[in-house]
>>> print(open('coords_19.json').read())   # JSON, C-alpha atoms and all ligand atoms
[["chain", "number", "residue", "atom", "x", "y", "z"],
["A", 1, "MET", "CA", 10.17, -33.22, 22.09],
["A", 2, "LYS", "CA", 13.00, -34.10, 19.72],
["A", 3, "LYS", "CA", 11.81, -36.18, 16.77],
["A", 4, "ASN", "CA", 13.20, -39.68, 16.30],
["A", 5, "ILE", "CA", 14.08, -40.65, 12.76],
["A", 6, "VAL", "CA", 14.93, -44.18, 11.75],
["A", 7, "THR", "CA", 17.55, -44.68, 9.03],
["A", 8, "ILE", "CA", 17.53, -47.91, 7.07],
["A", 9, "GLY", "CA", 19.96, -49.20, 4.46],
["A", 10, "GLY", "CA", 18.12, -51.72, 2.30],
["A", 11, "SER", "CA", 20.88, -54.29, 2.31],
["A", 12, "THR", "CA", 22.74, -56.71, 4.55],
["A", 13, "SER", "CA", 26.18, -55.98, 3.09],
["A", 14, "LYS", "CA", 28.64, -55.31, 5.92],
["A", 15, "ASN", "CA", 29.91, -52.24, 4.09],
["A", 16, "SER", "CA", 26.58, -51.28, 2.57],
["A", 17, "ILE", "CA", 26.83, -48.03, 0.62],
["A", 18, "ASN", "CA", 23.10, -47.56, 1.14],
["A", 19, "LYS", "CA", 23.49, -47.78, 4.90],
["A", 20, "ILE", "CA", 26.31, -45.24, 4.61],
["A", 21, "LEU", "CA", 24.14, -42.89, 2.53],
["A", 22, "ALA", "CA", 21.08, -43.19, 4.81],
["A", 23, "GLU", "CA", 23.22, -42.49, 7.87],
["A", 24, "TYR", "CA", 25.01, -39.60, 6.13],
["A", 25, "ALA", "CA", 21.57, -38.06, 5.53],
["A", 26, "GLY", "CA", 20.65, -38.79, 9.16],
["A", 27, "ASN", "CA", 23.67, -36.81, 10.27],
["A", 28, "LEU", "CA", 22.36, -33.79, 8.34],
["A", 29, "LEU", "CA", 19.24, -33.61, 10.52],
["A", 30, "GLN", "CA", 19.26, -30.36, 12.46],
["A", 31, "ASN", "CA", 16.65, -30.81, 15.17],
["A", 32, "SER", "CA", 16.04, -34.56, 15.26],
["A", 33, "GLY", "CA", 17.80, -37.58, 16.60],
["A", 34, "PHE", "CA", 18.12, -40.74, 14.60],
["A", 35, "THR", "CA", 18.21, -44.47, 15.19],
["A", 36, "LYS", "CA", 20.23, -46.59, 12.79],
["A", 37, "VAL", "CA", 18.66, -49.83, 11.68],
["A", 38, "ASP", "CA", 21.06, -52.43, 10.33],
["A", 39, "LEU", "CA", 19.10, -55.25, 8.71],
["A", 40, "ASN", "CA", 21.79, -57.68, 9.88],
["A", 41, "ASN", "CA", 20.38, -57.24, 13.38],
["A", 42, "PHE", "CA", 16.95, -58.35, 12.16],
["A", 43, "GLU", "CA", 17.71, -61.60, 10.44],
["A", 44, "MET", "CA", 14.50, -63.54, 9.91],
["A", 45, "PRO", "CA", 13.48, -66.64, 7.92],
["A", 46, "LEU", "CA", 12.42, -66.27, 4.32],
["A", 47, "PHE", "CA", 8.80, -65.25, 4.41],
["A", 48, "SER", "CA", 6.37, -68.08, 3.98],
["A", 49, "VAL", "CA", 2.66, -68.26, 4.75],
["A", 50, "ASP", "CA", 3.34, -71.66, 6.29],
["A", 51, "ILE", "CA", 5.89, -70.29, 8.77],
["A", 52, "GLU", "CA", 3.50, -67.47, 9.57],
["A", 53, "ASN", "CA", 0.63, -69.89, 10.17],
["A", 54, "GLU", "CA", 2.65, -72.40, 12.13],
["A", 55, "GLU", "CA", 5.04, -70.19, 14.11],
["A", 56, "GLY", "CA", 3.63, -66.66, 13.92],
["A", 57, "PHE", "CA", 5.84, -63.64, 13.36],
["A", 58, "PRO", "CA", 9.58, -63.88, 14.03],
["A", 59, "LYS", "CA", 10.68, -61.84, 17.06],
["A", 60, "GLU", "CA", 13.02, -59.85, 14.80],
["A", 61, "ALA", "CA", 10.03, -58.75, 12.72],
["A", 62, "THR", "CA", 7.97, -57.65, 15.73],
["A", 63, "ASP", "CA", 11.03, -55.89, 17.20],
["A", 64, "LEU", "CA", 11.59, -53.95, 13.99],
["A", 65, "ASN", "CA", 7.90, -53.21, 13.74],
["A", 66, "ALA", "CA", 8.05, -51.69, 17.25],
["A", 67, "ILE", "CA", 10.96, -49.46, 16.20],
["A", 68, "ILE", "CA", 8.95, -48.32, 13.17],
["A", 69, "GLU", "CA", 5.88, -47.70, 15.32],
["A", 70, "GLN", "CA", 7.86, -45.39, 17.60],
["A", 71, "ALA", "CA", 9.59, -43.47, 14.81],
["A", 72, "ASP", "CA", 8.53, -40.04, 13.56],
["A", 73, "GLY", "CA", 9.87, -40.60, 10.05],
["A", 74, "PHE", "CA", 12.25, -42.63, 7.95],
["A", 75, "ILE", "CA", 15.31, -42.11, 5.80],
["A", 76, "ILE", "CA", 15.59, -45.22, 3.66],
["A", 77, "SER", "CA", 18.25, -45.93, 1.06],
["A", 78, "LEU", "CA", 17.58, -48.94, -1.12],
["A", 79, "ALA", "CA", 20.15, -51.24, -2.65],
["A", 80, "GLU", "CA", 19.37, -52.36, -6.19],
["A", 81, "HIS", "CA", 19.75, -56.03, -7.03],
["A", 82, "ASN", "CA", 18.81, -56.92, -10.59],
["A", 83, "GLY", "CA", 16.68, -53.84, -10.90],
["A", 84, "ALA", "CA", 14.68, -54.44, -7.73],
["A", 85, "TYR", "CA", 14.83, -54.59, -3.92],
["A", 86, "SER", "CA", 17.61, -56.69, -2.40],
["A", 87, "ALA", "CA", 16.21, -60.04, -1.26],
["A", 88, "ALA", "CA", 17.07, -59.08, 2.33],
["A", 89, "PHE", "CA", 15.02, -55.88, 2.22],
["A", 90, "LYS", "CA", 12.10, -57.51, 0.40],
["A", 91, "ASN", "CA", 11.96, -60.28, 2.97],
["A", 92, "VAL", "CA", 11.85, -57.84, 5.89],
["A", 93, "PHE", "CA", 9.31, -55.70, 4.04],
["A", 94, "ASP", "CA", 7.07, -58.72, 3.43],
["A", 95, "TRP", "CA", 7.14, -59.77, 7.09],
["A", 96, "LEU", "CA", 6.48, -56.20, 8.25],
["A", 97, "SER", "CA", 3.56, -55.89, 5.85],
["A", 98, "ARG", "CA", 1.93, -58.95, 7.45],
["A", 99, "ILE", "CA", 2.09, -57.31, 10.89],
["A", 100, "GLU", "CA", 0.79, -53.95, 9.65],
["A", 101, "GLY", "CA", -0.12, -53.29, 6.02],
["A", 102, "LYS", "CA", 0.63, -49.57, 6.41],
["A", 103, "VAL", "CA", 4.24, -50.45, 7.13],
["A", 104, "TRP", "CA", 5.37, -46.80, 7.24],
["A", 105, "ARG", "CA", 2.35, -45.58, 9.26],
["A", 106, "ASN", "CA", 1.70, -42.53, 7.03],
["A", 107, "LYS", "CA", 4.88, -40.96, 8.42],
["A", 108, "PRO", "CA", 7.30, -38.90, 6.28],
["A", 109, "VAL", "CA", 9.79, -40.90, 4.25],
["A", 110, "LEU", "CA", 12.90, -39.60, 2.54],
["A", 111, "LEU", "CA", 13.61, -42.25, -0.05],
["A", 112, "LEU", "CA", 17.09, -42.72, -1.46],
["A", 113, "SER", "CA", 19.01, -45.27, -3.46],
["A", 114, "THR", "CA", 22.58, -45.60, -4.53],
["A", 115, "SER", "CA", 24.79, -47.98, -6.46],
["A", 116, "PRO", "CA", 28.24, -47.92, -8.03],
["A", 117, "GLY", "CA", 26.51, -47.44, -11.40],
["A", 118, "ALA", "CA", 25.50, -44.24, -13.14],
["A", 119, "ARG", "CA", 21.78, -44.75, -12.51],
["A", 120, "GLY", "CA", 22.29, -44.97, -8.76],
["A", 121, "GLY", "CA", 19.59, -47.57, -8.25],
["A", 122, "GLU", "CA", 16.94, -45.60, -10.08],
["A", 123, "SER", "CA", 14.99, -48.78, -10.92],
["A", 124, "VAL", "CA", 14.53, -49.87, -7.33],
["A", 125, "LEU", "CA", 13.82, -46.28, -6.36],
["A", 126, "ASN", "CA", 11.00, -46.16, -8.90],
["A", 127, "ILE", "CA", 9.60, -49.45, -7.61],
["A", 128, "ALA", "CA", 9.48, -48.06, -4.08],
["A", 129, "LEU", "CA", 8.13, -44.67, -5.23],
["A", 130, "ASN", "CA", 5.22, -46.53, -6.78],
["A", 131, "ARG", "CA", 4.69, -49.00, -3.95],
["A", 132, "PHE", "CA", 5.45, -47.26, -0.65],
["A", 133, "PRO", "CA", 2.44, -44.90, -0.82],
["A", 134, "TYR", "CA", 0.20, -47.99, -0.68],
["A", 135, "MET", "CA", 2.13, -49.12, 2.39],
["A", 136, "GLY", "CA", 1.64, -45.95, 4.38],
["A", 137, "GLY", "CA", 4.72, -44.22, 3.02],
["A", 138, "ASN", "CA", 4.33, -40.44, 2.90],
["A", 139, "ILE", "CA", 7.24, -39.83, 0.55],
["A", 140, "VAL", "CA", 8.34, -36.23, 0.97],
["A", 141, "GLY", "CA", 11.50, -36.44, -1.12],
["A", 142, "SER", "CA", 13.56, -38.87, -3.15],
["A", 143, "MET", "CA", 16.88, -39.09, -4.89],
["A", 144, "SER", "CA", 18.99, -41.71, -6.61],
["A", 145, "PHE", "CA", 22.64, -41.05, -5.88],
["A", 146, "PRO", "CA", 24.74, -42.11, -8.89],
["A", 147, "SER", "CA", 28.23, -43.62, -9.08],
["A", 148, "PHE", "CA", 28.65, -43.84, -5.32],
["A", 149, "PHE", "CA", 32.39, -44.44, -5.28],
["A", 150, "ASP", "CA", 33.08, -41.45, -7.54],
["A", 151, "ASN", "CA", 30.83, -39.09, -5.63],
["A", 152, "PHE", "CA", 31.31, -40.15, -2.02],
["A", 153, "LYS", "CA", 34.83, -40.22, -0.61],
["A", 154, "ASP", "CA", 36.32, -40.02, 2.89],
["A", 155, "LYS", "CA", 32.87, -40.06, 4.50],
["A", 156, "ASP", "CA", 31.64, -37.08, 2.50],
["A", 157, "ILE", "CA", 29.91, -36.23, -0.77],
["A", 158, "VAL", "CA", 32.50, -34.76, -3.10],
["A", 159, "ASN", "CA", 30.09, -33.72, -5.86],
["A", 160, "SER", "CA", 28.79, -30.31, -4.79],
["A", 161, "ASP", "CA", 25.52, -30.56, -6.77],
["A", 162, "LEU", "CA", 24.64, -33.90, -5.22],
["A", 163, "LYS", "CA", 25.67, -32.66, -1.79],
["A", 164, "LEU", "CA", 23.38, -29.63, -2.05],
["A", 165, "ARG", "CA", 20.48, -31.68, -3.41],
["A", 166, "LEU", "CA", 20.63, -34.12, -0.54],
["A", 167, "ALA", "CA", 21.04, -31.36, 2.05],
["A", 168, "ASN", "CA", 17.96, -29.60, 0.67],
["A", 169, "LEU", "CA", 15.98, -32.85, 0.73],
["A", 170, "VAL", "CA", 16.85, -33.37, 4.39],
["A", 171, "VAL", "CA", 15.71, -29.80, 5.19],
["A", 172, "GLU", "CA", 12.38, -30.43, 3.44],
["A", 173, "PHE", "CA", 12.04, -33.81, 5.16],
["A", 174, "GLU", "CA", 12.53, -32.23, 8.58],
["A", 175, "LYS", "CA", 9.92, -29.58, 7.81],
["A", 176, "ALA", "CA", 7.42, -32.38, 7.09],
["A", 177, "LEU", "CA", 7.91, -34.08, 10.48],
["A", 201, "LIG", "C1", 23.00, -59.81, -7.16],
["A", 201, "LIG", "C2", 23.36, -58.38, -7.46],
["A", 201, "LIG", "C3", 22.63, -57.67, -8.38],
["A", 201, "LIG", "C4", 22.93, -56.33, -8.64],
["A", 201, "LIG", "N1", 22.14, -55.64, -9.52],
["A", 201, "LIG", "C5", 22.35, -54.33, -9.68],
["A", 201, "LIG", "C6", 21.44, -53.55, -10.48],
["A", 201, "LIG", "O1", 20.47, -54.03, -11.01],
["A", 201, "LIG", "N2", 21.68, -52.23, -10.61],
["A", 201, "LIG", "C7", 22.76, -51.63, -9.99],
["A", 201, "LIG", "O2", 22.92, -50.41, -10.12],
["A", 201, "LIG", "N3", 23.62, -52.33, -9.23],
["A", 201, "LIG", "C8", 23.44, -53.66, -9.05],
["A", 201, "LIG", "N4", 24.29, -54.39, -8.27],
["A", 201, "LIG", "C9", 25.41, -53.71, -7.61],
["A", 201, "LIG", "C10", 24.94, -53.09, -6.29],
["A", 201, "LIG", "O3", 24.36, -51.84, -6.57],
["A", 201, "LIG", "C11", 26.13, -52.94, -5.36],
["A", 201, "LIG", "O4", 26.53, -54.23, -4.92],
["A", 201, "LIG", "C12", 25.82, -52.07, -4.17],
["A", 201, "LIG", "O5", 26.97, -51.97, -3.37],
["A", 201, "LIG", "C13", 24.63, -52.59, -3.38],
["A", 201, "LIG", "O6", 24.33, -51.74, -2.31],
["A", 201, "LIG", "P1", 24.84, -52.03, -0.82],
["A", 201, "LIG", "O7", 26.33, -51.74, -0.79],
["A", 201, "LIG", "O8", 24.08, -51.06, 0.00],
["A", 201, "LIG", "O9", 24.55, -53.46, -0.51],
["A", 201, "LIG", "C14", 24.01, -55.72, -7.99],
["A", 201, "LIG", "C15", 24.76, -56.45, -7.05],
["A", 201, "LIG", "C16", 24.44, -57.77, -6.78],
["A", 201, "LIG", "C17", 25.24, -58.51, -5.74]]
>>> encode(input="coords_19.json", output="structure tokens", more="lines below")
Ligand SMILES: Cc1cc2nc3c(=O)[nH]c(=O)nc-3n(C[C@H](O)[C@H](O)[C@H](O)COP(=O)(O)O)c2cc1C
Amino acid sequence: MKKNIVTIGGSTSKNSINKILAEYAGNLLQNSGFTKVDLNNFEMPLFSVDIENEEGFPKEATDLNAIIEQADGFIISLAEHNGAYSAAFKNVFDWLSRIEGKVWRNKPVLLLSTSPGARGGESVLNIALNRFPYMGGNIVGSMSFPSFFDNFKDKDIVNSDLKLRLANLVVEFEKAL
């Protein structure tokens, strides 16, 4: 059966460049379908142990958890805010981790980041590279994509080295499914 990949942009910006990059990579999949997750569709309260104790998990968190449960792998591109996860992603990640500590279920993860800057979100990428393996993330490839607006134009990657690197990562990711 065709594999089902979930793409996630780690941001709630309407025009999120990380959502664009994750979905661009999703479109490179040869033999798999993909489901786009927009965090705006999973708006949940700021995590608090009190809300959890008093009200349980928000429906948006259990809905997203169900999507993750059914996925065969993930292409995640993280936005970098002050060197770390965006608050929106961290909040969702915290809720998900309360439902199931192995958030990513030991499934293959292609981990990306991008920003308008030359480091392409390398700091947040490193945070996730260190952390996701403890959360069930089987990271099979990663890449920070620098200077997004210089290297991605008209819905395509215009830097041939970056384009090839990402294409190769998607091939390796699909082999790991
Ligand atoms: C509060 C804030 C902090 C930011 N901090 C960083 C940063 O540490 N490193 C970086 O490369 N870009 C930083 N940026 C710029 C983001 O990379 C840029 O807004 C990018 O578009 C975010 O990804 P998104 O479009 O997927 O939301 C920051 C932006 C905001 C709003």
>>> closest_atom_pairs(input="coords_19.json", of="chain A", to="ligand LIG 201 (chain A)", cutoff="7 Å", atoms="only C-alpha atoms and all ligand atoms", output="JSON lines")
{"residue": "A:Gly9", "atom": "CA", "partner": "A:LIG201", "partner_atom": "O8", "distance": 6.4}
{"residue": "A:Gly10", "atom": "CA", "partner": "A:LIG201", "partner_atom": "O8", "distance": 6.4}
{"residue": "A:Ser11", "atom": "CA", "partner": "A:LIG201", "partner_atom": "O9", "distance": 4.7}
{"residue": "A:Thr12", "atom": "CA", "partner": "A:LIG201", "partner_atom": "O9", "distance": 6.3}
{"residue": "A:Ser13", "atom": "CA", "partner": "A:LIG201", "partner_atom": "O9", "distance": 4.7}
{"residue": "A:Asn15", "atom": "CA", "partner": "A:LIG201", "partner_atom": "O7", "distance": 6.1}
{"residue": "A:Ser16", "atom": "CA", "partner": "A:LIG201", "partner_atom": "O7", "distance": 3.4}
{"residue": "A:Ile17", "atom": "CA", "partner": "A:LIG201", "partner_atom": "O7", "distance": 4.0}
{"residue": "A:Asn18", "atom": "CA", "partner": "A:LIG201", "partner_atom": "O8", "distance": 3.8}
{"residue": "A:Lys19", "atom": "CA", "partner": "A:LIG201", "partner_atom": "O8", "distance": 5.9}
{"residue": "A:Leu78", "atom": "CA", "partner": "A:LIG201", "partner_atom": "O8", "distance": 6.9}
{"residue": "A:Ala79", "atom": "CA", "partner": "A:LIG201", "partner_atom": "O6", "distance": 4.2}
{"residue": "A:Glu80", "atom": "CA", "partner": "A:LIG201", "partner_atom": "C6", "distance": 4.9}
{"residue": "A:His81", "atom": "CA", "partner": "A:LIG201", "partner_atom": "N1", "distance": 3.5}
{"residue": "A:Asn82", "atom": "CA", "partner": "A:LIG201", "partner_atom": "O1", "distance": 3.4}
{"residue": "A:Gly83", "atom": "CA", "partner": "A:LIG201", "partner_atom": "O1", "distance": 3.8}
{"residue": "A:Ala84", "atom": "CA", "partner": "A:LIG201", "partner_atom": "O1", "distance": 6.7}
{"residue": "A:Thr114", "atom": "CA", "partner": "A:LIG201", "partner_atom": "O6", "distance": 6.8}
{"residue": "A:Ser115", "atom": "CA", "partner": "A:LIG201", "partner_atom": "O3", "distance": 3.9}
{"residue": "A:Pro116", "atom": "CA", "partner": "A:LIG201", "partner_atom": "O3", "distance": 5.7}
{"residue": "A:Gly117", "atom": "CA", "partner": "A:LIG201", "partner_atom": "O2", "distance": 4.8}
{"residue": "A:Arg119", "atom": "CA", "partner": "A:LIG201", "partner_atom": "O2", "distance": 6.2}
{"residue": "A:Gly120", "atom": "CA", "partner": "A:LIG201", "partner_atom": "O2", "distance": 5.6}
{"residue": "A:Gly121", "atom": "CA", "partner": "A:LIG201", "partner_atom": "O2", "distance": 4.8}
>>> residues_around(input="coords_19.json", residues="Lys175 in chain A", least_positions_apart="6", cutoff="10 Å", atoms="all atoms listed in the file", output="list in words")
Pro108, Val140 and Leu169 of chain A
>>> write_last_selection(input="coords_19.json", atoms="C-alpha atoms", output="compact mmCIF listing (two decimals), in the frame of the given file")
# COMPACT_ATOMS: atom_id res chain seq x y z
CA PRO A 108 7.30 -38.90 6.28
CA VAL A 140 8.34 -36.23 0.97
CA LEU A 169 15.98 -32.85 0.73
>>> residues_around(input="coords_19.json", residues="range 59-74 of chain A", least_positions_apart="5", cutoff="9 Å", atoms="all atoms listed in the file", output="VMD selection string")
chain A and resid 3 to 8 34 to 35 37 41 to 44 92 95 to 96 99 to 100 103 to 111 173 to 174 177
>>> write_last_selection(input="coords_19.json", atoms="C-alpha atoms", output="PDB file, in the coordinates of the input")
ATOM      1  CA  LYS A   3      11.810 -36.180  16.770  1.00  0.00           C
ATOM      2  CA  ASN A   4      13.200 -39.680  16.300  1.00  0.00           C
ATOM      3  CA  ILE A   5      14.080 -40.650  12.760  1.00  0.00           C
ATOM      4  CA  VAL A   6      14.930 -44.180  11.750  1.00  0.00           C
ATOM      5  CA  THR A   7      17.550 -44.680   9.030  1.00  0.00           C
ATOM      6  CA  ILE A   8      17.530 -47.910   7.070  1.00  0.00           C
ATOM      7  CA  PHE A  34      18.120 -40.740  14.600  1.00  0.00           C
ATOM      8  CA  THR A  35      18.210 -44.470  15.190  1.00  0.00           C
ATOM      9  CA  VAL A  37      18.660 -49.830  11.680  1.00  0.00           C
ATOM     10  CA  ASN A  41      20.380 -57.240  13.380  1.00  0.00           C
ATOM     11  CA  PHE A  42      16.950 -58.350  12.160  1.00  0.00           C
ATOM     12  CA  GLU A  43      17.710 -61.600  10.440  1.00  0.00           C
ATOM     13  CA  MET A  44      14.500 -63.540   9.910  1.00  0.00           C
ATOM     14  CA  VAL A  92      11.850 -57.840   5.890  1.00  0.00           C
ATOM     15  CA  TRP A  95       7.140 -59.770   7.090  1.00  0.00           C
ATOM     16  CA  LEU A  96       6.480 -56.200   8.250  1.00  0.00           C
ATOM     17  CA  ILE A  99       2.090 -57.310  10.890  1.00  0.00           C
ATOM     18  CA  GLU A 100       0.790 -53.950   9.650  1.00  0.00           C
ATOM     19  CA  VAL A 103       4.240 -50.450   7.130  1.00  0.00           C
ATOM     20  CA  TRP A 104       5.370 -46.800   7.240  1.00  0.00           C
ATOM     21  CA  ARG A 105       2.350 -45.580   9.260  1.00  0.00           C
ATOM     22  CA  ASN A 106       1.700 -42.530   7.030  1.00  0.00           C
ATOM     23  CA  LYS A 107       4.880 -40.960   8.420  1.00  0.00           C
ATOM     24  CA  PRO A 108       7.300 -38.900   6.280  1.00  0.00           C
ATOM     25  CA  VAL A 109       9.790 -40.900   4.250  1.00  0.00           C
ATOM     26  CA  LEU A 110      12.900 -39.600   2.540  1.00  0.00           C
ATOM     27  CA  LEU A 111      13.610 -42.250  -0.050  1.00  0.00           C
ATOM     28  CA  PHE A 173      12.040 -33.810   5.160  1.00  0.00           C
ATOM     29  CA  GLU A 174      12.530 -32.230   8.580  1.00  0.00           C
ATOM     30  CA  LEU A 177       7.910 -34.080  10.480  1.00  0.00           C
TER      31      LEU A 177
END
>>> residues_around(input="coords_19.json", residues="Ile127 in chain A", least_positions_apart="3", cutoff="9 Å", atoms="all atoms listed in the file", output="JSON, numbers by chain")
{"A": [83, 84, 85, 122, 123, 124, 130, 131, 132]}
>>> residues_near_point(input="coords_19.json", point="(31.8, -40.2, -9.2)", cutoff="12 Å", atoms="all atoms listed in the file", output="JSON, numbers by chain")
{"A": [114, 115, 116, 117, 118, 119, 120, 145, 146, 147, 148, 149, 150, 151, 152, 153, 157, 158, 159, 160, 161, 162]}
>>> residues_near_point(input="coords_19.json", point="(9.5, -61.7, 3.8)", cutoff="8 Å", atoms="all atoms listed in the file", output="PyMOL selection string")
chain A and resi 45-48+90-96
>>> write_last_selection(input="coords_19.json", atoms="C-alpha atoms", output="PDB file, keeping the file's coordinate frame")
ATOM      1  CA  PRO A  45      13.480 -66.640   7.920  1.00  0.00           C
ATOM      2  CA  LEU A  46      12.420 -66.270   4.320  1.00  0.00           C
ATOM      3  CA  PHE A  47       8.800 -65.250   4.410  1.00  0.00           C
ATOM      4  CA  SER A  48       6.370 -68.080   3.980  1.00  0.00           C
ATOM      5  CA  LYS A  90      12.100 -57.510   0.400  1.00  0.00           C
ATOM      6  CA  ASN A  91      11.960 -60.280   2.970  1.00  0.00           C
ATOM      7  CA  VAL A  92      11.850 -57.840   5.890  1.00  0.00           C
ATOM      8  CA  PHE A  93       9.310 -55.700   4.040  1.00  0.00           C
ATOM      9  CA  ASP A  94       7.070 -58.720   3.430  1.00  0.00           C
ATOM     10  CA  TRP A  95       7.140 -59.770   7.090  1.00  0.00           C
ATOM     11  CA  LEU A  96       6.480 -56.200   8.250  1.00  0.00           C
TER      12      LEU A  96
END
>>> closest_residue(input="coords_19.json", among="A:Leu125, A:Ile75, A:Leu166, A:Met135", to="Ser97 in chain A", atoms="all atoms listed in the file")
A:Met135
>>> atom_distance(input="coords_19.json", atom1="CA of Gln30 in chain A", atom2="CA of Val171 in chain A")
8.1 Å
>>> closest_residue(input="coords_19.json", among="A:Ile139, A:Leu28, A:Leu112, A:Ala176", to="Ser77 in chain A", atoms="all atoms listed in the file")
A:Leu112
>>> closest_residue(input="coords_19.json", among="A:Phe89, A:Asn53, A:Ala25, A:Arg165", to="Asp38 in chain A", atoms="all atoms listed in the file")
A:Phe89
>>> atom_distance(input="coords_19.json", atom1="CA of Ile20 in chain A", atom2="CA of Asp156 in chain A")
10.0 Å
>>> atom_distance(input="coords_19.json", atom1="CA of Ser86 in chain A", atom2="CA of Ser32 in chain A")
28.4 Å
>>> closest_residue(input="coords_19.json", among="A:Val170, A:Val49, A:Ala87, A:Met143", to="Leu129 in chain A", atoms="all atoms listed in the file")
A:Met143
>>> closest_residue(input="coords_19.json", among="A:Glu52, A:Met1, A:Ser113, A:Leu164", to="Ala22 in chain A", atoms="all atoms listed in the file")
A:Ser113
>>> decode(input="coords_19.json", residues="range 137-152 of chain A", atoms="N, CA and C atoms", output="PDB file, in the first residue's frame")
ATOM      1  N   GLY A 137      11.928   9.936  17.357  1.00  0.00           N
ATOM      2  CA  GLY A 137      12.250  10.400  16.004  1.00  0.00           C
ATOM      3  C   GLY A 137      13.415   9.614  15.418  1.00  0.00           C
ATOM      4  N   ASN A 138      13.153   8.858  14.371  1.00  0.00           N
ATOM      5  CA  ASN A 138      14.206   8.142  13.656  1.00  0.00           C
ATOM      6  C   ASN A 138      14.662   9.046  12.509  1.00  0.00           C
ATOM      7  N   ILE A 139      15.614   9.920  12.825  1.00  0.00           N
ATOM      8  CA  ILE A 139      16.007  10.941  11.848  1.00  0.00           C
ATOM      9  C   ILE A 139      16.897  10.309  10.780  1.00  0.00           C
ATOM     10  N   VAL A 140      16.395  10.277   9.567  1.00  0.00           N
ATOM     11  CA  VAL A 140      17.143   9.617   8.484  1.00  0.00           C
ATOM     12  C   VAL A 140      17.839  10.631   7.577  1.00  0.00           C
ATOM     13  N   GLY A 141      17.605  11.902   7.805  1.00  0.00           N
ATOM     14  CA  GLY A 141      18.296  12.926   7.027  1.00  0.00           C
ATOM     15  C   GLY A 141      17.933  14.288   7.566  1.00  0.00           C
ATOM     16  N   SER A 142      18.836  15.251   7.358  1.00  0.00           N
ATOM     17  CA  SER A 142      18.538  16.606   7.832  1.00  0.00           C
ATOM     18  C   SER A 142      19.270  17.623   6.982  1.00  0.00           C
ATOM     19  N   MET A 143      18.734  18.810   6.977  1.00  0.00           N
ATOM     20  CA  MET A 143      19.345  19.884   6.183  1.00  0.00           C
ATOM     21  C   MET A 143      18.796  21.234   6.629  1.00  0.00           C
ATOM     22  N   SER A 144      19.692  22.185   6.844  1.00  0.00           N
ATOM     23  CA  SER A 144      19.219  23.563   7.017  1.00  0.00           C
ATOM     24  C   SER A 144      19.364  24.241   5.661  1.00  0.00           C
ATOM     25  N   PHE A 145      18.323  24.898   5.259  1.00  0.00           N
ATOM     26  CA  PHE A 145      18.254  25.516   3.927  1.00  0.00           C
ATOM     27  C   PHE A 145      18.468  27.014   4.098  1.00  0.00           C
ATOM     28  N   PRO A 146      19.627  27.519   3.677  1.00  0.00           N
ATOM     29  CA  PRO A 146      19.975  28.919   3.988  1.00  0.00           C
ATOM     30  C   PRO A 146      19.284  29.935   3.074  1.00  0.00           C
ATOM     31  N   SER A 147      19.224  31.163   3.564  1.00  0.00           N
ATOM     32  CA  SER A 147      18.814  32.326   2.750  1.00  0.00           C
ATOM     33  C   SER A 147      17.637  31.993   1.835  1.00  0.00           C
ATOM     34  N   PHE A 148      16.531  31.626   2.457  1.00  0.00           N
ATOM     35  CA  PHE A 148      15.387  31.081   1.705  1.00  0.00           C
ATOM     36  C   PHE A 148      15.033  31.934   0.489  1.00  0.00           C
ATOM     37  N   PHE A 149      14.940  33.249   0.689  1.00  0.00           N
ATOM     38  CA  PHE A 149      14.403  34.075  -0.402  1.00  0.00           C
ATOM     39  C   PHE A 149      15.405  34.255  -1.551  1.00  0.00           C
ATOM     40  N   ASP A 150      16.670  33.953  -1.300  1.00  0.00           N
ATOM     41  CA  ASP A 150      17.647  33.964  -2.396  1.00  0.00           C
ATOM     42  C   ASP A 150      17.639  32.641  -3.151  1.00  0.00           C
ATOM     43  N   ASN A 151      17.336  31.576  -2.437  1.00  0.00           N
ATOM     44  CA  ASN A 151      17.514  30.234  -3.009  1.00  0.00           C
ATOM     45  C   ASN A 151      16.228  29.537  -3.422  1.00  0.00           C
ATOM     46  N   PHE A 152      15.101  30.166  -3.127  1.00  0.00           N
ATOM     47  CA  PHE A 152      13.804  29.562  -3.469  1.00  0.00           C
ATOM     48  C   PHE A 152      12.955  30.648  -4.127  1.00  0.00           C
TER      49      PHE A 152
END
